[in-house]
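The structure appears right after this line, and notes come after that.
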Amino acid sequence: MTKDNDSGWLPDRRAVLKGGAALAGAAAVPGALKMREAQAASPAGTMVIAAPATPQSLDSEYDVSLGTFETVAACYDSIVEFEKIPDSTVPSAQREDIKDYPDRPGRVSMRGKLAESWEIDQGSKWVRFKLREGVKSHDGNELTADDVVWTWHRKLALGAIGGFYCNTIDLRRPEQVKAESKYVVSINLDNPNPLLLKLQPNLYNPIYDSKKCKEMATADDPWAKKYIENNVAGFGPYRIEQLVRGQQAVFKGRDDYYGGKPKMHTVIFKEVPTSANRAQLLQGGAVDIAQYLQPLELITLKKSEGVAIDTVPATFMLWIELNAKIPPFDKVDVRRAMNFAFPMEQVVKTVFQNIAYPLNGAMPDLYPGFNGSYFEYKQDFAKAKELLKAAGMADGFETTLAYNAGDPVQEPTAILYQSALKEIGVKLVLKKVPAATFYNNVSERKQPMIFYYDSPWCPDPGYSMNLYFHSKSFINYSNYANAKVDELIDGAAKTADMDVRLKNMDEAQKIIMAEAPWTFGVFTNYSMARRADIKGWTYYTSNNIRFQDFYREA
Amino acid sequence: MQSANEPALDPGEAGALGASAAGRRWTRLKFQLRFLLAVLRARPMFALGYFIVLTIIILGVFAPLIAPYPPETANPEDFLQLPSGRHLLGTDATGMDIFTRIIYAPRIDLTIAIAGTVISAVVGSLIGALVGYYQEMRGIRAFFAGFVMRAADVLQAFPVFVFAIALVAIFGQSLQSIIAAIAFVNTPIYLRLMRSQVLAIRNMRYVEASYVSGASDVAIMLRHIIPNSLGPILSQLSVNIGWSVLLTAALSFVGAGVVAPTPEWGSMIAVGFQSIITGQWWPSVFPGIALAVTVFGFALVGASVEVLADPSRRRALGGTLRQKPSGAA
């Protein structure tokens, strides 16, 4: 090659290439270092979580998105909580003790949180809490009975999720929640209600700092909706330092928390929408916890060094609503036939990799009063065909199944179901609904069949059955209506006699399982995917994590 | 008038034109075939493009005869099987055979892409011809032409993919909606292409002569302008079909395309890609390869059409081809 520049002051092509390569290498070093930094383990007191979404609204009255659950759990405290016991399947994990204790007040095993003690009426008509003294909020205001009163008044006034809880315990008027003294508050019902105490530890029963909220309230917004939507005003162990929706939220542990400063003083809650990416980040050590991974990812990660997967029985249930107001699902025989055609075994084995197990009842099997013996729907095409014939639909029919595009297990489950239904002459058209509008589709109740994934947060059979099967429940998305079932549920809601309640709920389960308002799917369990040095996990019936439980093992 | 798209005949070939019309047609066809084969020999990549496209079409058409398994029936006993003699390209999470679904997929992908592209080409070309023809006139028709061009500007200002998703979201998730979305986003391309061609042709002598002889605007456009403007449209058509296959797959990938479990490359990739981290690469990689090869094939065919439809480049290529043997002798 001849050089064009004999003078030599201009670099030749090789020199340019060398220089360019050196420059590119130098430029890449900081990036590589940064990447290495990201891959490295988090500092002892810092925990990084990869979650499908950051919190949207922070107001538990209106928002039920995944990130909001974690925020409410971290920044607010309830008045009491269930005692914790070791999990029977994963002894290193804790779980709430939700069993029925006939010899204890309210038949529950609880301990105080914001309350240090309580008294409850034998008939469950009233409860009185003595609050801890000296508990400070994020803004330095002391907890008093007025905070509890304001919190319940807000629920009554706004009438959304909190309003539902008021209805559940039959709390109708503001004066039923009373500040007896600075630190004593009582809730007084007109009728006995078995959930009066059981509902208090519910994740969405946090106590607000009423002083701060009143400061931020305006004439147009007397309940500080705008403030609570974007800020926290509670007594919980963490405060929000940063919230960039769609990217991350940063939580800082409070030094002045009455329960002691959380061991994880900084929690970075990152939005990583794709589960495969969350799994990869956990595997690489860039995050400490990856939430909501897919069954196959969990199985694969189990073999990864430095990663621990704990799977415990949970309240999560996946089922398909069979809309009783849309033919042919108005016919019990057709609904039963749909259940006999469901490929339960294959779904558990292929889609859930045996992490799930059959949903053999109408409520979580962890809850008192669950009866799995009424489940009869083992896959049986002959029986399904017989039932269709009895319903006058021997030739089958065509219908639509809507599923959530954001939940990767629903599509393969739907495809397996579609193939199975061909055997009985039912043509199932699959309808993929974007995650953003899926719950609108569920709540509109206009789809003949739609998936639903949920868990009742109060460990009580009456609460659970009322949610999904009472004809007047706002989340009875299958439009199921049976006067006898309504009567049994109503009866169970008005007595504190647990034996009567359990008997009622057992009878209701028998009817519901026979009338099959759902295609019964699976109990999905709850899997915690974490770095092995992250310890302290507790499973809650609300299926969310609480940052304050965790610590890093040295 | 000789169309710009007719092949140029050398004197020898012209002399060979016999007395009968059938003989002339046969001779011309033979010449065209020989010419095409010579072009393909000279440009083997063009041949590869035609081979790919023809293979994909044949596989799609004869899929029911070739496919070893039903394309839409789950077989949970065989889920996520590695490629093997039993399942050439493995199986997906519901046990469906990937090879079967890949060869069925062109039925959907090509139908959508070809239908969408042809509709957009016809509509866009007709509007483009009108706009180009009337643009330099005065009055309401010129105003209409200007209005149409500004509307096309607005349409093209939107990101194509986002626009297509929005259209499918509005009209619902169906085959027709996807075709309509593809046709809609592609129409401005043909409109502009045809308009620019018409603007160049409308002032030519033979057009003016036709006008002077009393031909109507429609007749002038249909007989003289549009046929002579089709070259770039045809070459764009093939490239656009490949691009539309990609758009169809992309729509399915984000969940706005075909309904599951319809065999379609984009939806197969979408379903399979999450398993890559868990080691099951085959449910997404093979459909991805099929998609890439198809788009590549259509791009090559488009490049060949561009050469063949351009008289000057075709003559140049023809000249090269004729010179080659003599040069070699």
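Every chain in the structure tokens has a letter given in the order shown (A, B, ...), and although residue numbers restart at 1 in each chain, ligands are simply numbered from 1 in the order shown.
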
Query raised in the report: Which chain A residues are at most 9 Å from chain B (counting only C-alpha atoms), as a ChimeraX atom specification?
Result: /A:274-277,279-280,296-301,346-347,349-351,405,408,411-413,415-420,429-434

With N, CA and C atoms retained, write the just-selected residues as an mmCIF file, in the first residue's frame.
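File out14.cif, as written:
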```cif
data_model
loop_
_atom_site.group_PDB
_atom_site.id
_atom_site.type_symbol
_atom_site.label_atom_id
_atom_site.label_comp_id
_atom_site.auth_asym_id
_atom_site.auth_seq_id
_atom_site.Cartn_x
_atom_site.Cartn_y
_atom_site.Cartn_z
ATOM 1 N N THR A 274 -40.898 -7.878 31.722
ATOM 2 C CA THR A 274 -40.856 -9.246 31.206
ATOM 3 C C THR A 274 -40.292 -10.202 32.250
ATOM 4 N N SER A 275 -41.010 -11.293 32.473
ATOM 5 C CA SER A 275 -40.570 -12.213 33.524
ATOM 6 C C SER A 275 -39.222 -12.842 33.179
ATOM 7 N N ALA A 276 -38.970 -13.088 31.888
ATOM 8 C CA ALA A 276 -37.680 -13.668 31.489
ATOM 9 C C ALA A 276 -36.539 -12.735 31.890
ATOM 10 N N ASN A 277 -36.755 -11.437 31.736
ATOM 11 C CA ASN A 277 -35.708 -10.482 32.129
ATOM 12 C C ASN A 277 -35.529 -10.456 33.640
ATOM 13 N N ALA A 279 -36.027 -12.921 35.612
ATOM 14 C CA ALA A 279 -35.324 -14.160 35.964
ATOM 15 C C ALA A 279 -33.829 -14.022 35.673
ATOM 16 N N GLN A 280 -33.529 -13.416 34.544
ATOM 17 C CA GLN A 280 -32.133 -13.258 34.143
ATOM 18 C C GLN A 280 -31.377 -12.353 35.127
ATOM 19 N N LEU A 296 -41.715 -22.365 34.402
ATOM 20 C CA LEU A 296 -40.512 -22.932 33.786
ATOM 21 C C LEU A 296 -39.259 -22.172 34.236
ATOM 22 N N GLU A 297 -39.399 -20.883 34.415
ATOM 23 C CA GLU A 297 -38.268 -20.073 34.891
ATOM 24 C C GLU A 297 -37.906 -20.473 36.320
ATOM 25 N N LEU A 298 -38.917 -20.709 37.124
ATOM 26 C CA LEU A 298 -38.654 -21.107 38.511
ATOM 27 C C LEU A 298 -37.912 -22.443 38.560
ATOM 28 N N ILE A 299 -38.365 -23.355 37.706
ATOM 29 C CA ILE A 299 -37.729 -24.677 37.680
ATOM 30 C C ILE A 299 -36.273 -24.544 37.248
ATOM 31 N N THR A 300 -36.034 -23.705 36.232
ATOM 32 C CA THR A 300 -34.668 -23.525 35.731
ATOM 33 C C THR A 300 -33.796 -22.835 36.776
ATOM 34 N N LEU A 301 -34.356 -21.800 37.425
ATOM 35 C CA LEU A 301 -33.561 -21.048 38.399
ATOM 36 C C LEU A 301 -33.189 -21.876 39.622
ATOM 37 N N GLN A 346 -52.950 -32.141 32.446
ATOM 38 C CA GLN A 346 -51.985 -31.608 31.467
ATOM 39 C C GLN A 346 -51.605 -30.170 31.798
ATOM 40 N N VAL A 347 -52.574 -29.396 32.228
ATOM 41 C CA VAL A 347 -52.288 -27.995 32.562
ATOM 42 C C VAL A 347 -51.306 -27.931 33.731
ATOM 43 N N LYS A 349 -49.216 -30.186 34.642
ATOM 44 C CA LYS A 349 -47.916 -30.751 34.269
ATOM 45 C C LYS A 349 -47.148 -29.867 33.272
ATOM 46 N N THR A 350 -47.820 -29.389 32.235
ATOM 47 C CA THR A 350 -47.091 -28.666 31.181
ATOM 48 C C THR A 350 -47.008 -27.169 31.453
ATOM 49 N N VAL A 351 -48.122 -26.554 31.729
ATOM 50 C CA VAL A 351 -48.104 -25.096 31.892
ATOM 51 C C VAL A 351 -47.471 -24.716 33.231
ATOM 52 N N ALA A 405 -53.387 -11.072 28.118
ATOM 53 C CA ALA A 405 -52.125 -11.124 27.364
ATOM 54 C C ALA A 405 -50.922 -10.954 28.283
ATOM 55 N N PRO A 408 -48.538 -14.984 31.110
ATOM 56 C CA PRO A 408 -48.088 -15.996 30.140
ATOM 57 C C PRO A 408 -48.655 -17.397 30.359
ATOM 58 N N GLU A 411 -52.491 -18.184 28.094
ATOM 59 C CA GLU A 411 -52.624 -18.599 26.694
ATOM 60 C C GLU A 411 -52.402 -20.103 26.511
ATOM 61 N N PRO A 412 -51.294 -20.665 27.029
ATOM 62 C CA PRO A 412 -51.152 -22.127 26.859
ATOM 63 C C PRO A 412 -52.268 -22.924 27.541
ATOM 64 N N THR A 413 -52.740 -22.421 28.676
ATOM 65 C CA THR A 413 -53.855 -23.116 29.341
ATOM 66 C C THR A 413 -55.080 -23.093 28.426
ATOM 67 N N ILE A 415 -55.118 -22.815 25.193
ATOM 68 C CA ILE A 415 -54.901 -23.662 24.006
ATOM 69 C C ILE A 415 -55.134 -25.138 24.357
ATOM 70 N N LEU A 416 -54.654 -25.554 25.512
ATOM 71 C CA LEU A 416 -54.891 -26.947 25.930
ATOM 72 C C LEU A 416 -56.384 -27.196 26.110
ATOM 73 N N TYR A 417 -57.054 -26.223 26.687
ATOM 74 C CA TYR A 417 -58.503 -26.358 26.911
ATOM 75 C C TYR A 417 -59.241 -26.408 25.563
ATOM 76 N N GLN A 418 -58.798 -25.549 24.650
ATOM 77 C CA GLN A 418 -59.408 -25.514 23.314
ATOM 78 C C GLN A 418 -59.306 -26.883 22.634
ATOM 79 N N SER A 419 -58.103 -27.464 22.714
ATOM 80 C CA SER A 419 -57.911 -28.781 22.085
ATOM 81 C C SER A 419 -58.787 -29.830 22.756
ATOM 82 N N ALA A 420 -58.896 -29.767 24.079
ATOM 83 C CA ALA A 420 -59.709 -30.751 24.806
ATOM 84 C C ALA A 420 -61.192 -30.592 24.461
ATOM 85 N N VAL A 429 -63.159 -20.218 20.738
ATOM 86 C CA VAL A 429 -62.384 -19.170 20.071
ATOM 87 C C VAL A 429 -61.653 -18.398 21.166
ATOM 88 N N LEU A 430 -60.355 -18.234 20.969
ATOM 89 C CA LEU A 430 -59.567 -17.553 22.004
ATOM 90 C C LEU A 430 -59.484 -16.062 21.710
ATOM 91 N N LYS A 431 -59.643 -15.284 22.767
ATOM 92 C CA LYS A 431 -59.598 -13.832 22.602
ATOM 93 C C LYS A 431 -58.543 -13.263 23.551
ATOM 94 N N LYS A 432 -57.486 -12.752 22.941
ATOM 95 C CA LYS A 432 -56.389 -12.210 23.742
ATOM 96 C C LYS A 432 -56.713 -10.766 24.109
ATOM 97 N N VAL A 433 -56.735 -10.482 25.391
ATOM 98 C CA VAL A 433 -57.090 -9.127 25.821
ATOM 99 C C VAL A 433 -55.850 -8.467 26.423
ATOM 100 N N PRO A 434 -55.499 -7.247 25.967
ATOM 101 C CA PRO A 434 -54.325 -6.589 26.542
ATOM 102 C C PRO A 434 -54.457 -6.466 28.057
#
```

Report task. Pick out each residue of stretch 408-541 of chain A that DSSP on the backbone tags as strand (DSSP E or B); I need them as a ChimeraX atom specification. Result -> /A:427-433,449-454,518-523,526-531,534-535,538-539

**Report entry** Atom-to-atom span, atom CA of A:Val307 and atom CA of B:Trp282, Å
**Finding:**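 Going from atom CA of A:Val307 over to atom CA of B:Trp282, I get 25.6 Å.
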
Report task. Within stretch 215-420 of chain A, find each residue whose DSSP state, derived from the backbone, is alpha helix (DSSP H), and express the selection as a PyMOL selection string. Result -> chain A and resi 215-216+225-230+275-284+295-301+332-341+344-346+381-390+410-420

Query raised in the report: Can you tell me, as a list in words, what residues are no more than 10 Å from stretch 211-220 of chain B when counting only C-alpha atoms, ignoring any on the same chain fewer than 6 positions away?
Result: Leu130, Tyr133, Tyr134, Arg202, Arg205 and Ile226 of chain B

Go ahead and write the selection's residues with N, CA and C atoms as a PDB file, in the first residue's frame.
```pdb
ATOM      1  N   LEU B 130     -54.467  10.217  -9.926  1.00  0.00           N
ATOM      2  CA  LEU B 130     -55.374  11.372  -9.965  1.00  0.00           C
ATOM      3  C   LEU B 130     -54.664  12.634  -9.472  1.00  0.00           C
ATOM      4  N   TYR B 133     -52.012  13.798 -11.879  1.00  0.00           N
ATOM      5  CA  TYR B 133     -52.589  14.307 -13.125  1.00  0.00           C
ATOM      6  C   TYR B 133     -53.185  15.705 -12.940  1.00  0.00           C
ATOM      7  N   TYR B 134     -53.819  15.889 -11.776  1.00  0.00           N
ATOM      8  CA  TYR B 134     -54.535  17.161 -11.574  1.00  0.00           C
ATOM      9  C   TYR B 134     -53.743  18.203 -10.793  1.00  0.00           C
ATOM     10  N   ARG B 202     -46.949  12.983 -17.526  1.00  0.00           N
ATOM     11  CA  ARG B 202     -48.146  13.674 -18.039  1.00  0.00           C
ATOM     12  C   ARG B 202     -47.825  14.771 -19.065  1.00  0.00           C
ATOM     13  N   ARG B 205     -45.011  14.020 -24.939  1.00  0.00           N
ATOM     14  CA  ARG B 205     -45.691  14.321 -26.212  1.00  0.00           C
ATOM     15  C   ARG B 205     -46.875  13.409 -26.483  1.00  0.00           C
ATOM     16  N   ILE B 226     -50.931   5.443 -16.554  1.00  0.00           N
ATOM     17  CA  ILE B 226     -50.737   4.399 -15.530  1.00  0.00           C
ATOM     18  C   ILE B 226     -49.878   3.237 -16.054  1.00  0.00           C
TER      19      ILE B 226
END
```

Query raised in the report: In Å to one decimal, how far is atom CA of A:Met513 from atom CA of A:Phe375?
Result: 6.3 Å

Requested in this report: Determine the nearest neighbour of B:Ile179 from the options B:Ala200, B:Ile119, B:Met45, B:Leu300, counting only C-alpha atoms.
Outcome: B:Ile119
